[in-house]
$ cat input20.txt   # compact mmCIF, C-alpha atoms
# COMPACT_ATOMS: atom_id res chain seq x y z
CA MET A 1 -3.61 -18.55 -21.31
CA ALA A 2 -4.88 -15.59 -23.32
CA GLU A 3 -6.98 -14.43 -20.39
CA HIS A 4 -4.01 -14.60 -18.01
CA GLY A 5 -1.81 -12.74 -20.51
CA ALA A 6 -4.42 -10.03 -20.90
CA HIS A 7 -4.57 -9.61 -17.13
CA ILE A 8 -0.82 -9.06 -17.01
CA THR A 9 -0.84 -6.20 -19.52
CA THR A 10 -4.26 -4.63 -19.17
CA ALA A 11 -6.79 -3.96 -16.47
CA SER A 12 -9.76 -6.16 -15.96
CA ALA A 13 -12.96 -4.85 -17.45
CA VAL A 14 -15.08 -6.22 -14.60
CA ASP A 15 -13.49 -4.78 -11.47
CA ASP A 16 -11.10 -2.31 -13.11
CA GLN A 17 -8.01 -3.78 -11.46
CA PRO A 18 -4.72 -2.11 -12.46
CA ALA A 19 -2.13 -3.98 -14.44
CA SER A 20 0.63 -5.79 -12.59
CA PHE A 21 3.40 -3.54 -13.92
CA GLU A 22 1.53 -0.48 -12.60
CA VAL A 23 1.24 -1.78 -9.04
CA VAL A 24 4.85 -2.97 -9.03
CA ALA A 25 6.04 0.39 -10.40
CA GLN A 26 4.17 2.39 -7.80
CA ASP A 27 5.55 0.15 -5.04
CA SER A 28 9.11 0.70 -6.23
CA LEU A 29 8.63 4.46 -6.59
CA MET A 30 8.74 5.33 -2.87
CA THR A 31 11.41 2.68 -2.38
CA ALA A 32 13.63 4.67 -4.76
CA VAL A 33 12.78 8.06 -3.25
CA ARG A 34 14.13 7.27 0.22
CA PRO A 35 17.72 6.33 -0.75
CA ALA A 36 17.84 9.24 -3.22
CA LEU A 37 16.91 11.76 -0.51
CA GLN A 38 19.28 10.02 1.89
CA HIS A 39 22.14 10.47 -0.56
CA VAL A 40 21.32 14.17 -1.00
CA VAL A 41 21.27 14.68 2.77
CA LYS A 42 24.56 12.81 3.12
CA VAL A 43 26.24 15.06 0.55
CA LEU A 44 24.91 18.18 2.31
CA ALA A 45 26.04 16.92 5.71
CA GLU A 46 29.54 16.12 4.44
CA SER A 47 29.87 19.49 2.72
CA ASN A 48 28.73 21.50 5.75
CA PRO A 49 28.40 19.38 8.93
CA ALA A 50 27.70 22.36 11.18
CA ARG A 51 24.65 23.42 9.20
CA TYR A 52 23.27 20.18 7.75
CA GLY A 53 24.64 17.58 10.14
CA PHE A 54 21.35 17.35 12.03
CA LEU A 55 19.56 16.34 8.82
CA TRP A 56 21.78 13.26 8.54
CA LYS A 57 21.53 12.48 12.27
CA TRP A 58 17.73 12.64 12.32
CA PHE A 59 17.09 11.59 8.72
CA ASP A 60 14.82 8.65 9.60
CA GLU A 61 12.61 10.74 11.87
CA ILE A 62 12.41 13.68 9.45
CA PHE A 63 11.66 11.41 6.49
CA THR A 64 8.95 9.59 8.46
CA LEU A 65 7.32 12.89 9.42
CA LEU A 66 7.38 14.21 5.86
CA ASP A 67 6.14 10.88 4.51
CA LEU A 68 3.31 10.90 7.05
CA LEU A 69 2.32 14.43 6.03
CA LEU A 70 2.51 13.57 2.33
CA GLN A 71 0.58 10.30 2.49
CA GLN A 72 -2.13 11.69 4.79
CA HIS A 73 -2.62 14.59 2.39
CA TYR A 74 -3.00 12.34 -0.66
CA LEU A 75 -5.17 9.76 1.09
CA SER A 76 -7.58 12.45 2.30
CA LYS A 77 -7.62 14.38 -0.99
CA THR A 78 -7.26 11.73 -3.70
CA SER A 79 -8.02 8.40 -1.93
CA ALA A 80 -4.54 7.18 -2.86
CA SER A 81 -0.95 7.37 -1.71
CA PHE A 82 1.51 9.61 -3.51
CA SER A 83 2.89 6.82 -5.70
CA GLU A 84 -0.57 5.38 -6.42
CA ASN A 85 -1.89 8.78 -7.48
CA PHE A 86 1.23 9.29 -9.62
CA TYR A 87 0.25 6.21 -11.66
CA GLY A 88 -3.47 7.10 -11.82
CA LEU A 89 -4.69 4.66 -9.16
CA LYS A 90 -6.96 5.01 -6.15
CA ARG A 91 -7.91 3.04 -3.06
CA ILE A 92 -11.43 1.62 -3.00
CA VAL A 93 -13.07 0.58 0.25
CA MET A 94 -13.75 -3.15 0.32
CA GLY A 95 -17.44 -3.98 0.01
CA ASP A 96 -18.33 -0.94 -2.09
CA THR A 97 -20.14 -1.92 -5.26
CA HIS A 98 -19.35 -0.28 -8.60
CA LYS A 99 -22.40 1.99 -8.35
CA LEU A 100 -21.77 3.04 -4.73
CA GLN A 101 -18.06 3.77 -5.02
CA ARG A 102 -16.92 7.08 -3.53
CA LEU A 103 -15.22 9.58 -5.78
CA ALA A 104 -11.47 9.81 -5.31
CA SER A 105 -11.78 13.50 -4.40
CA ALA A 106 -13.88 12.56 -1.35
CA GLY A 107 -10.91 10.86 0.28
CA LEU A 108 -10.87 7.65 2.26
CA PRO A 109 -13.00 7.21 5.38
CA LYS A 110 -11.06 7.85 8.59
CA LYS A 111 -10.86 4.18 9.52
CA GLN A 112 -9.36 3.07 6.20
CA LEU A 113 -7.26 6.25 6.00
CA TRP A 114 -5.38 5.72 9.27
CA LYS A 115 -5.00 2.02 8.62
CA SER A 116 -3.44 2.90 5.28
CA VAL A 117 -1.14 5.43 6.96
CA ILE A 118 0.05 2.78 9.40
CA PHE A 119 0.88 0.29 6.63
CA LEU A 120 2.33 2.93 4.26
CA VAL A 121 4.43 4.97 6.70
CA LEU A 122 4.85 3.49 10.16
CA LEU A 123 5.43 -0.13 9.22
CA PRO A 124 8.22 0.65 6.68
CA SER A 125 9.80 3.05 9.19
CA LEU A 126 9.84 0.34 11.87
CA LYS A 127 11.36 -2.09 9.37
CA VAL A 128 14.20 0.35 8.61
CA LYS A 129 14.83 0.85 12.33
CA LEU A 130 14.89 -2.91 12.85
CA GLU A 131 17.39 -3.41 10.03
CA LYS A 132 19.68 -0.77 11.54
CA LEU A 133 19.37 -2.45 14.93
CA ILE A 134 20.31 -5.78 13.37
CA SER A 135 23.32 -4.18 11.68
CA SER A 136 24.53 -2.63 14.94
CA LEU A 137 24.04 -5.92 16.81
CA ARG A 138 26.07 -7.77 14.19
CA GLU A 139 28.90 -5.25 14.51
CA GLU A 140 28.77 -5.58 18.28
CA GLU A 141 28.81 -9.36 18.00
CA GLU A 142 31.83 -9.29 15.68
CA TYR A 143 33.95 -6.59 17.27
CA SER A 144 32.93 -6.45 20.93
CA ILE A 145 34.16 -8.69 23.72
CA HIS A 146 31.26 -10.22 25.67
CA PRO A 147 31.93 -11.66 29.10
CA PRO A 148 31.36 -15.43 29.23
CA THR A 149 28.59 -14.96 31.79
CA SER A 150 26.74 -12.33 29.77
CA ARG A 151 23.08 -13.29 29.62
CA TRP A 152 22.49 -11.11 26.54
CA LYS A 153 25.03 -12.98 24.44
CA ARG A 154 22.75 -15.96 23.86
CA PHE A 155 19.81 -13.67 23.11
CA TYR A 156 21.88 -11.69 20.57
CA ARG A 157 22.98 -14.81 18.76
CA ALA A 158 19.46 -16.29 18.66
CA PHE A 159 17.99 -13.01 17.42
CA LEU A 160 20.65 -12.55 14.74
CA ALA A 161 20.27 -16.16 13.62
CA ALA A 162 16.46 -15.97 13.37
CA TYR A 163 16.13 -12.59 11.66
CA PRO A 164 17.28 -13.69 8.14
CA PHE A 165 14.64 -16.44 8.12
CA VAL A 166 11.92 -14.08 9.36
CA ASN A 167 12.88 -11.50 6.74
CA MET A 168 12.93 -14.18 4.01
CA ALA A 169 9.45 -15.34 5.04
CA TRP A 170 8.21 -11.71 4.99
CA GLU A 171 9.59 -11.02 1.51
CA GLY A 172 8.38 -14.41 0.27
CA TRP A 173 4.87 -13.59 1.47
CA PHE A 174 4.86 -10.45 -0.69
CA LEU A 175 6.33 -12.32 -3.67
CA VAL A 176 3.70 -15.07 -3.52
CA GLN A 177 0.93 -12.47 -3.26
CA GLN A 178 2.25 -10.64 -6.33
CA LEU A 179 2.44 -13.88 -8.31
CA ARG A 180 -1.14 -14.73 -7.35
CA TYR A 181 -2.21 -11.25 -8.45
CA ILE A 182 -0.43 -11.61 -11.81
CA LEU A 183 -2.16 -14.94 -12.39
CA GLY A 184 -5.56 -13.47 -11.47
CA LYS A 185 -5.93 -15.54 -8.31
CA ALA A 186 -5.89 -12.63 -5.85
CA GLN A 187 -7.59 -9.27 -5.60
CA HIS A 188 -4.62 -7.56 -3.92
CA HIS A 189 -1.03 -7.39 -5.09
CA SER A 190 0.12 -6.66 -1.53
CA PRO A 191 -0.94 -8.54 1.61
CA LEU A 192 -1.08 -5.21 3.49
CA LEU A 193 -4.06 -3.91 1.50
CA SER A 194 -6.53 -6.44 2.91
CA PRO A 195 -5.94 -5.48 6.61
CA ALA A 196 -6.39 -1.84 5.59
CA GLY A 197 -9.80 -2.71 4.15
CA VAL A 198 -9.07 -1.35 0.67
CA ARG A 199 -8.16 -2.49 -2.81
CA LEU A 200 -6.55 -0.69 -5.73
CA GLY A 201 -8.45 0.50 -8.78
CA ARG A 202 -8.00 2.89 -11.67
CA LEU A 203 -9.14 6.50 -11.63
CA THR A 204 -12.34 6.96 -13.63
CA VAL A 205 -13.30 9.94 -15.76
CA GLN A 206 -15.57 11.17 -12.97
CA ASP A 207 -12.69 10.94 -10.48
CA ILE A 208 -10.39 12.98 -12.70
CA GLN A 209 -13.03 15.66 -13.27
CA ALA A 210 -13.80 15.86 -9.54
CA LEU A 211 -10.09 16.16 -8.67
CA GLU A 212 -9.64 18.98 -11.18
CA HIS A 213 -12.61 20.98 -9.84
CA LYS A 214 -12.01 20.32 -6.15
CA PRO A 215 -9.68 23.29 -5.37
CA ALA A 216 -12.34 25.82 -6.39
CA GLY A 217 -14.95 24.17 -4.19
CA ALA A 218 -12.52 24.01 -1.28
CA SER A 219 -11.76 27.73 -1.49
CA MET A 220 -15.49 28.55 -1.43
CA MET A 221 -15.94 26.47 1.72
CA GLN A 222 -13.07 28.29 3.40
CA GLN A 223 -14.59 31.67 2.55
CA ALA A 224 -17.93 30.54 4.03
CA ALA A 225 -16.32 29.78 7.42
CA GLY A 226 -17.56 32.48 9.79
CA SER A 227 -16.25 31.95 13.32
CA VAL A 228 -12.68 32.69 14.39
CA GLY A 229 -12.12 29.09 15.45
CA GLU A 230 -13.25 27.78 12.12
CA LYS A 231 -11.03 30.30 10.31
CA MET A 232 -8.01 29.29 12.39
CA LYS A 233 -8.73 25.63 11.80
CA SER A 234 -9.19 26.33 8.10
CA ALA A 235 -5.93 28.31 7.95
CA LEU A 236 -4.06 25.49 9.72
CA LYS A 237 -5.44 22.90 7.33
CA GLN A 238 -4.58 25.16 4.40
CA ALA A 239 -1.00 25.57 5.67
CA VAL A 240 -0.56 21.82 6.15
CA GLY A 241 -2.13 21.16 2.77
CA GLY A 242 0.12 23.77 1.14
CA ALA A 243 3.22 22.21 2.69
CA ALA A 244 2.11 18.78 1.51
CA SER A 245 1.37 20.15 -1.96
CA CYS A 246 4.82 21.74 -2.20
CA LEU A 247 6.39 18.49 -1.03
CA SER A 248 4.39 16.47 -3.53
CA THR A 249 5.29 18.85 -6.37
CA GLY A 250 8.96 18.58 -5.53
CA LEU A 251 8.75 14.81 -5.34
CA SER A 252 6.87 14.66 -8.64
CA VAL A 253 9.65 16.58 -10.36
CA GLY A 254 12.26 14.50 -8.56
CA VAL A 255 10.58 11.28 -9.64
CA PHE A 256 11.06 12.13 -13.30
CA PHE A 257 14.70 12.91 -12.56
CA LEU A 258 15.09 9.58 -10.73
CA GLN A 259 13.55 7.71 -13.63
CA PHE A 260 15.94 9.45 -16.01
CA LEU A 261 18.91 8.46 -13.83
CA GLU A 262 17.64 4.89 -13.62
CA TRP A 263 17.49 4.74 -17.43
CA TRP A 264 20.87 6.47 -17.79
CA TYR A 265 22.66 4.04 -15.50
CA SER A 266 20.83 0.91 -16.67
CA SER A 267 22.96 -1.95 -17.97
CA GLY A 268 21.63 -1.50 -21.50
CA ASN A 269 23.02 2.02 -21.71
CA GLN A 270 26.47 1.36 -20.29
CA GLU A 271 28.08 1.31 -23.75
CA THR A 272 26.44 4.63 -24.58
CA ILE A 273 27.64 6.12 -21.30
CA LYS A 274 31.19 4.90 -21.90
CA SER A 275 31.22 6.39 -25.39
CA LEU A 276 29.91 9.75 -24.15
CA THR A 277 32.18 9.95 -21.13
CA ALA A 278 35.30 8.43 -22.67
CA LEU A 279 38.26 10.58 -21.69
CA PRO A 280 42.00 9.98 -21.95
CA THR A 281 43.58 8.43 -18.87
CA PRO A 282 45.34 11.14 -16.85
CA PRO A 283 49.07 10.68 -16.25
CA PRO A 284 50.30 9.58 -12.80
CA PRO A 285 51.04 12.42 -10.35
CA VAL A 286 54.60 13.71 -10.39
CA HIS A 287 56.08 13.90 -6.88
CA LEU A 288 59.12 15.95 -6.00
CA ASP A 289 62.29 13.90 -5.53
CA TYR A 290 63.20 13.83 -1.85
CA ASN A 291 66.92 13.95 -2.68
CA SER A 292 66.54 17.03 -4.84
CA ASP A 293 67.62 20.46 -3.74
CA SER A 294 64.04 21.72 -3.40
CA PRO A 295 63.79 24.31 -0.59
CA LEU A 296 60.34 22.91 0.33
CA LEU A 297 61.75 19.66 1.70
CA PRO A 298 64.02 19.49 4.76
CA GLN A 299 67.18 17.40 4.70
CA MET A 300 66.14 15.35 7.75
CA LYS A 301 63.29 12.91 7.23
CA THR A 302 62.04 13.47 10.78
CA VAL A 303 61.57 17.21 10.28
CA CYS A 304 58.21 18.74 9.35
CA PRO A 305 58.40 20.62 5.99
CA LEU A 306 56.21 23.39 7.41
CA CYS A 307 57.59 24.26 10.85
CA ARG A 308 61.12 22.88 10.20
CA LYS A 309 61.12 21.14 13.59
CA ASN A 310 60.93 17.49 14.58
CA ARG A 311 57.48 16.26 13.77
CA VAL A 312 54.90 15.98 16.54
CA ASN A 313 51.80 13.81 16.06
CA ASP A 314 52.84 12.57 12.60
CA THR A 315 50.13 12.96 9.96
CA VAL A 316 50.29 11.98 6.30
CA LEU A 317 48.41 13.55 3.41
CA ALA A 318 46.59 10.87 1.42
CA THR A 319 46.77 12.99 -1.74
CA SER A 320 50.57 13.25 -1.85
CA GLY A 321 52.07 10.89 0.75
CA TYR A 322 54.15 13.53 2.58
CA VAL A 323 54.23 13.59 6.40
CA PHE A 324 53.82 16.69 8.59
CA CYS A 325 52.94 17.71 12.10
CA TYR A 326 49.21 17.43 12.59
CA ARG A 327 48.76 21.00 13.80
CA CYS A 328 50.85 22.45 10.98
CA VAL A 329 49.24 20.56 8.12
CA PHE A 330 45.72 20.92 9.54
CA HIS A 331 45.86 24.72 9.58
CA TYR A 332 47.59 24.84 6.20
CA VAL A 333 45.09 22.54 4.46
CA ARG A 334 42.11 24.27 6.04
CA SER A 335 43.38 27.64 4.77
CA HIS A 336 44.82 26.73 1.36
CA ARG A 337 43.00 23.44 0.51
CA ALA A 338 46.17 22.11 -1.11
CA CYS A 339 49.22 20.02 -0.29
CA PRO A 340 52.10 22.25 0.88
CA ILE A 341 54.63 20.31 -1.21
CA THR A 342 52.89 19.28 -4.43
CA GLY A 343 50.01 21.74 -4.55
CA TYR A 344 47.48 18.94 -5.14
CA PRO A 345 43.90 19.86 -4.11
CA THR A 346 43.43 18.52 -0.59
CA GLN A 347 40.70 18.51 2.05
CA VAL A 348 40.87 18.07 5.81
CA GLN A 349 39.42 14.56 5.53
CA HIS A 350 42.54 13.51 3.60
CA LEU A 351 44.67 13.78 6.79
CA ILE A 352 45.65 10.35 8.16
CA LYS A 353 47.18 9.89 11.60
CA LEU A 354 50.32 7.72 11.76
CA TYR A 355 50.96 5.52 14.77
CA SER A 356 54.37 4.21 15.71
CA PRO A 357 54.79 0.63 17.03
CA GLU A 358 55.44 2.01 20.51
CA ASN A 359 52.01 3.66 20.52

$ encode --input "input20.txt" --output "structure tokens"
Amino acid sequence: MAEHGAHITTASAVDDQPASFEVVAQDSLMTAVRPALQHVVKVLAESNPARYGFLWKWFDEIFTLLDLLLQQHYLSKTSASFSENFYGLKRIVMGDTHKLQRLASAGLPKKQLWKSVIFLVLLPSLKVKLEKLISSLREEEEYSIHPPTSRWKRFYRAFLAAYPFVNMAWEGWFLVQQLRYILGKAQHHSPLLSPAGVRLGRLTVQDIQALEHKPAGASMMQQAAGSVGEKMKSALKQAVGGAASCLSTGLSVGVFFLQFLEWWYSSGNQETIKSLTALPTPPPPVHLDYNSDSPLLPQMKTVCPLCRKNRVNDTVLATSGYVFCYRCVFHYVRSHRACPITGYPTQVQHLIKLYSPEN
């Protein structure tokens, strides 16, 4: 029992395996980065759809491209993914003995590198696409009308019925592998490391020293390049590496911010948050009385308060509840960003179309 407990909290002295909490933490790191970036892009797209709308439309493709650039850079420069390097880990080629292990600064061999890229970037991207496809098929199954003779209807239902079991088996496979790793029965915490031909290990003192001195050696090699083709190739690699370095630096800073937010919004700190953010409850909004003599409101309920004519294309403001013509209230809200009657702050998305029973 003592040996198993030691394996859970510390690395093994024989093969230098990382602790279980380290491998689980580095796995969850990139899982947290994606939704965080997605939320930022969503806020930008909602604030300015004309300028940032394409980021939300093509978020999956852009994120996959940036992730591919980032992971390829780290795997070739540090023999580890971004999250693995963040926690001081590296990927070791299977079959390498302790004396013949490559330094982390040498990068992974091309075969193991591209296998790692496939399992780190492409496979998760395909899984996200598949989950979105499943979601759209479920919506189509619930809200669409399929003809009785539709040959795709049976396929949809079989696919939707089988996917939860396939996904449960996939997640269970990872869970069992992690439990075996915690108990010291497996060399990999993830079943995807074995097909890539690598295992995880800790960075050694030699690895850290080589990583710190590598930039100087790389610059000397670039200066030694003589031909124009080699210089262009070197400049291209330097540009790609610089972009990946900037991306990794930004993510490194963002990771600390994400960890702070995760702590701040954890269940154990909810009482602290409530005490710090406790504010008096604001009073209910005061609406103008319709029967009052206010010059802003017409006497007839079917008249628009703005154009003083019978309303056309009735539209209600969600912030105040008053009804106007769509054209009148749209131009007013877009210009003044407020309700014409109450003065409450209002946006265009607060306009709600009203439909009569005849329509």

$ closest_residue --input "input20.txt" --among "A:His350, A:Arg308, A:His39, A:Arg202" --to "Ser79 of chain A" --atoms "all atoms listed in the file"
A:Arg202

$ closest_residue --input "input20.txt" --among "A:Phe86, A:Tyr156, A:Tyr74, A:Tyr344" --to "Leu120 of chain A" --atoms "only C-alpha atoms"
A:Tyr74

$ closest_residue --input "input20.txt" --among "A:Pro164, A:Gly321, A:Pro18, A:Gly88" --to "Lys353 of chain A" --atoms "all atoms listed in the file"
A:Gly321

$ residues_around --input "input20.txt" --residues "Leu103 of chain A" --least-positions-apart "5" --cutoff "8 Å" --atoms "only C-alpha atoms" --output "PyMOL selection string"
chain A and resi 206-207+210

$ write_last_selection --input "input20.txt" --atoms "C-alpha atoms" --output "PDB file, keeping the file's coordinate frame"
ATOM      1  CA  GLN A 206     -15.570  11.170 -12.970  1.00  0.00           C
ATOM      2  CA  ASP A 207     -12.690  10.940 -10.480  1.00  0.00           C
ATOM      3  CA  ALA A 210     -13.800  15.860  -9.540  1.00  0.00           C
TER       4      ALA A 210
END

$ closest_residue --input "input20.txt" --among "A:Val117, A:Ile182, A:Val128, A:Val316" --to "Phe59 of chain A" --atoms "only C-alpha atoms"
A:Val128

$ atom_distance --input "input20.txt" --atom1 "atom CA of Ala45 of chain A" --atom2 "atom CA of Gln26 of chain A"
29.5 Å

$ closest_residue --input "input20.txt" --among "A:Leu179, A:Ala104, A:Ala196, A:Met30" --to "Ile118 of chain A" --atoms "all atoms listed in the file"
A:Ala196

$ atom_distance --input "input20.txt" --atom1 "atom CA of Trp173 of chain A" --atom2 "atom CA of Leu126 of chain A"
18.1 Å

$ decode --input "input20.txt" --residues "segment 160-178 of chain A" --atoms "N, CA and C atoms" --output "PDB file, in the first residue's frame"
ATOM      1  N   LEU A 160     -27.872   7.925 -33.801  1.00  0.00           N
ATOM      2  CA  LEU A 160     -28.085   8.674 -32.565  1.00  0.00           C
ATOM      3  C   LEU A 160     -28.223   7.758 -31.363  1.00  0.00           C
ATOM      4  N   ALA A 161     -28.780   6.576 -31.566  1.00  0.00           N
ATOM      5  CA  ALA A 161     -28.931   5.638 -30.456  1.00  0.00           C
ATOM      6  C   ALA A 161     -27.604   4.980 -30.085  1.00  0.00           C
ATOM      7  N   ALA A 162     -26.713   4.782 -31.059  1.00  0.00           N
ATOM      8  CA  ALA A 162     -25.452   4.084 -30.789  1.00  0.00           C
ATOM      9  C   ALA A 162     -24.367   5.009 -30.271  1.00  0.00           C
ATOM     10  N   TYR A 163     -24.436   6.313 -30.612  1.00  0.00           N
ATOM     11  CA  TYR A 163     -23.340   7.211 -30.253  1.00  0.00           C
ATOM     12  C   TYR A 163     -23.118   7.330 -28.748  1.00  0.00           C
ATOM     13  N   PRO A 164     -24.166   7.462 -27.895  1.00  0.00           N
ATOM     14  CA  PRO A 164     -23.894   7.546 -26.452  1.00  0.00           C
ATOM     15  C   PRO A 164     -23.131   6.353 -25.902  1.00  0.00           C
ATOM     16  N   PHE A 165     -23.407   5.161 -26.411  1.00  0.00           N
ATOM     17  CA  PHE A 165     -22.698   3.969 -25.935  1.00  0.00           C
ATOM     18  C   PHE A 165     -21.249   3.961 -26.429  1.00  0.00           C
ATOM     19  N   VAL A 166     -21.047   4.399 -27.671  1.00  0.00           N
ATOM     20  CA  VAL A 166     -19.671   4.473 -28.195  1.00  0.00           C
ATOM     21  C   VAL A 166     -18.876   5.505 -27.415  1.00  0.00           C
ATOM     22  N   ASN A 167     -19.472   6.658 -27.143  1.00  0.00           N
ATOM     23  CA  ASN A 167     -18.785   7.698 -26.385  1.00  0.00           C
ATOM     24  C   ASN A 167     -18.495   7.238 -24.956  1.00  0.00           C
ATOM     25  N   MET A 168     -19.444   6.508 -24.343  1.00  0.00           N
ATOM     26  CA  MET A 168     -19.226   5.993 -22.989  1.00  0.00           C
ATOM     27  C   MET A 168     -18.080   4.987 -22.968  1.00  0.00           C
ATOM     28  N   ALA A 169     -18.008   4.129 -24.000  1.00  0.00           N
ATOM     29  CA  ALA A 169     -16.907   3.166 -24.075  1.00  0.00           C
ATOM     30  C   ALA A 169     -15.564   3.872 -24.263  1.00  0.00           C
ATOM     31  N   TRP A 170     -15.556   4.949 -25.071  1.00  0.00           N
ATOM     32  CA  TRP A 170     -14.329   5.725 -25.297  1.00  0.00           C
ATOM     33  C   TRP A 170     -13.843   6.383 -24.005  1.00  0.00           C
ATOM     34  N   GLU A 171     -14.746   7.046 -23.302  1.00  0.00           N
ATOM     35  CA  GLU A 171     -14.367   7.700 -22.047  1.00  0.00           C
ATOM     36  C   GLU A 171     -14.005   6.669 -20.979  1.00  0.00           C
ATOM     37  N   GLY A 172     -14.706   5.539 -20.963  1.00  0.00           N
ATOM     38  CA  GLY A 172     -14.368   4.496 -20.000  1.00  0.00           C
ATOM     39  C   GLY A 172     -12.995   3.907 -20.243  1.00  0.00           C
ATOM     40  N   TRP A 173     -12.607   3.805 -21.511  1.00  0.00           N
ATOM     41  CA  TRP A 173     -11.267   3.313 -21.853  1.00  0.00           C
ATOM     42  C   TRP A 173     -10.197   4.221 -21.251  1.00  0.00           C
ATOM     43  N   PHE A 174     -10.378   5.527 -21.353  1.00  0.00           N
ATOM     44  CA  PHE A 174      -9.424   6.473 -20.780  1.00  0.00           C
ATOM     45  C   PHE A 174      -9.431   6.398 -19.253  1.00  0.00           C
ATOM     46  N   LEU A 175     -10.617   6.245 -18.660  1.00  0.00           N
ATOM     47  CA  LEU A 175     -10.706   6.179 -17.207  1.00  0.00           C
ATOM     48  C   LEU A 175     -10.000   4.939 -16.668  1.00  0.00           C
ATOM     49  N   VAL A 176     -10.211   3.810 -17.292  1.00  0.00           N
ATOM     50  CA  VAL A 176      -9.564   2.575 -16.857  1.00  0.00           C
ATOM     51  C   VAL A 176      -8.045   2.692 -16.981  1.00  0.00           C
ATOM     52  N   GLN A 177      -7.589   3.307 -18.083  1.00  0.00           N
ATOM     53  CA  GLN A 177      -6.144   3.473 -18.269  1.00  0.00           C
ATOM     54  C   GLN A 177      -5.547   4.375 -17.193  1.00  0.00           C
ATOM     55  N   GLN A 178      -6.254   5.427 -16.810  1.00  0.00           N
ATOM     56  CA  GLN A 178      -5.764   6.312 -15.754  1.00  0.00           C
ATOM     57  C   GLN A 178      -5.740   5.610 -14.403  1.00  0.00           C
TER      58      GLN A 178
END
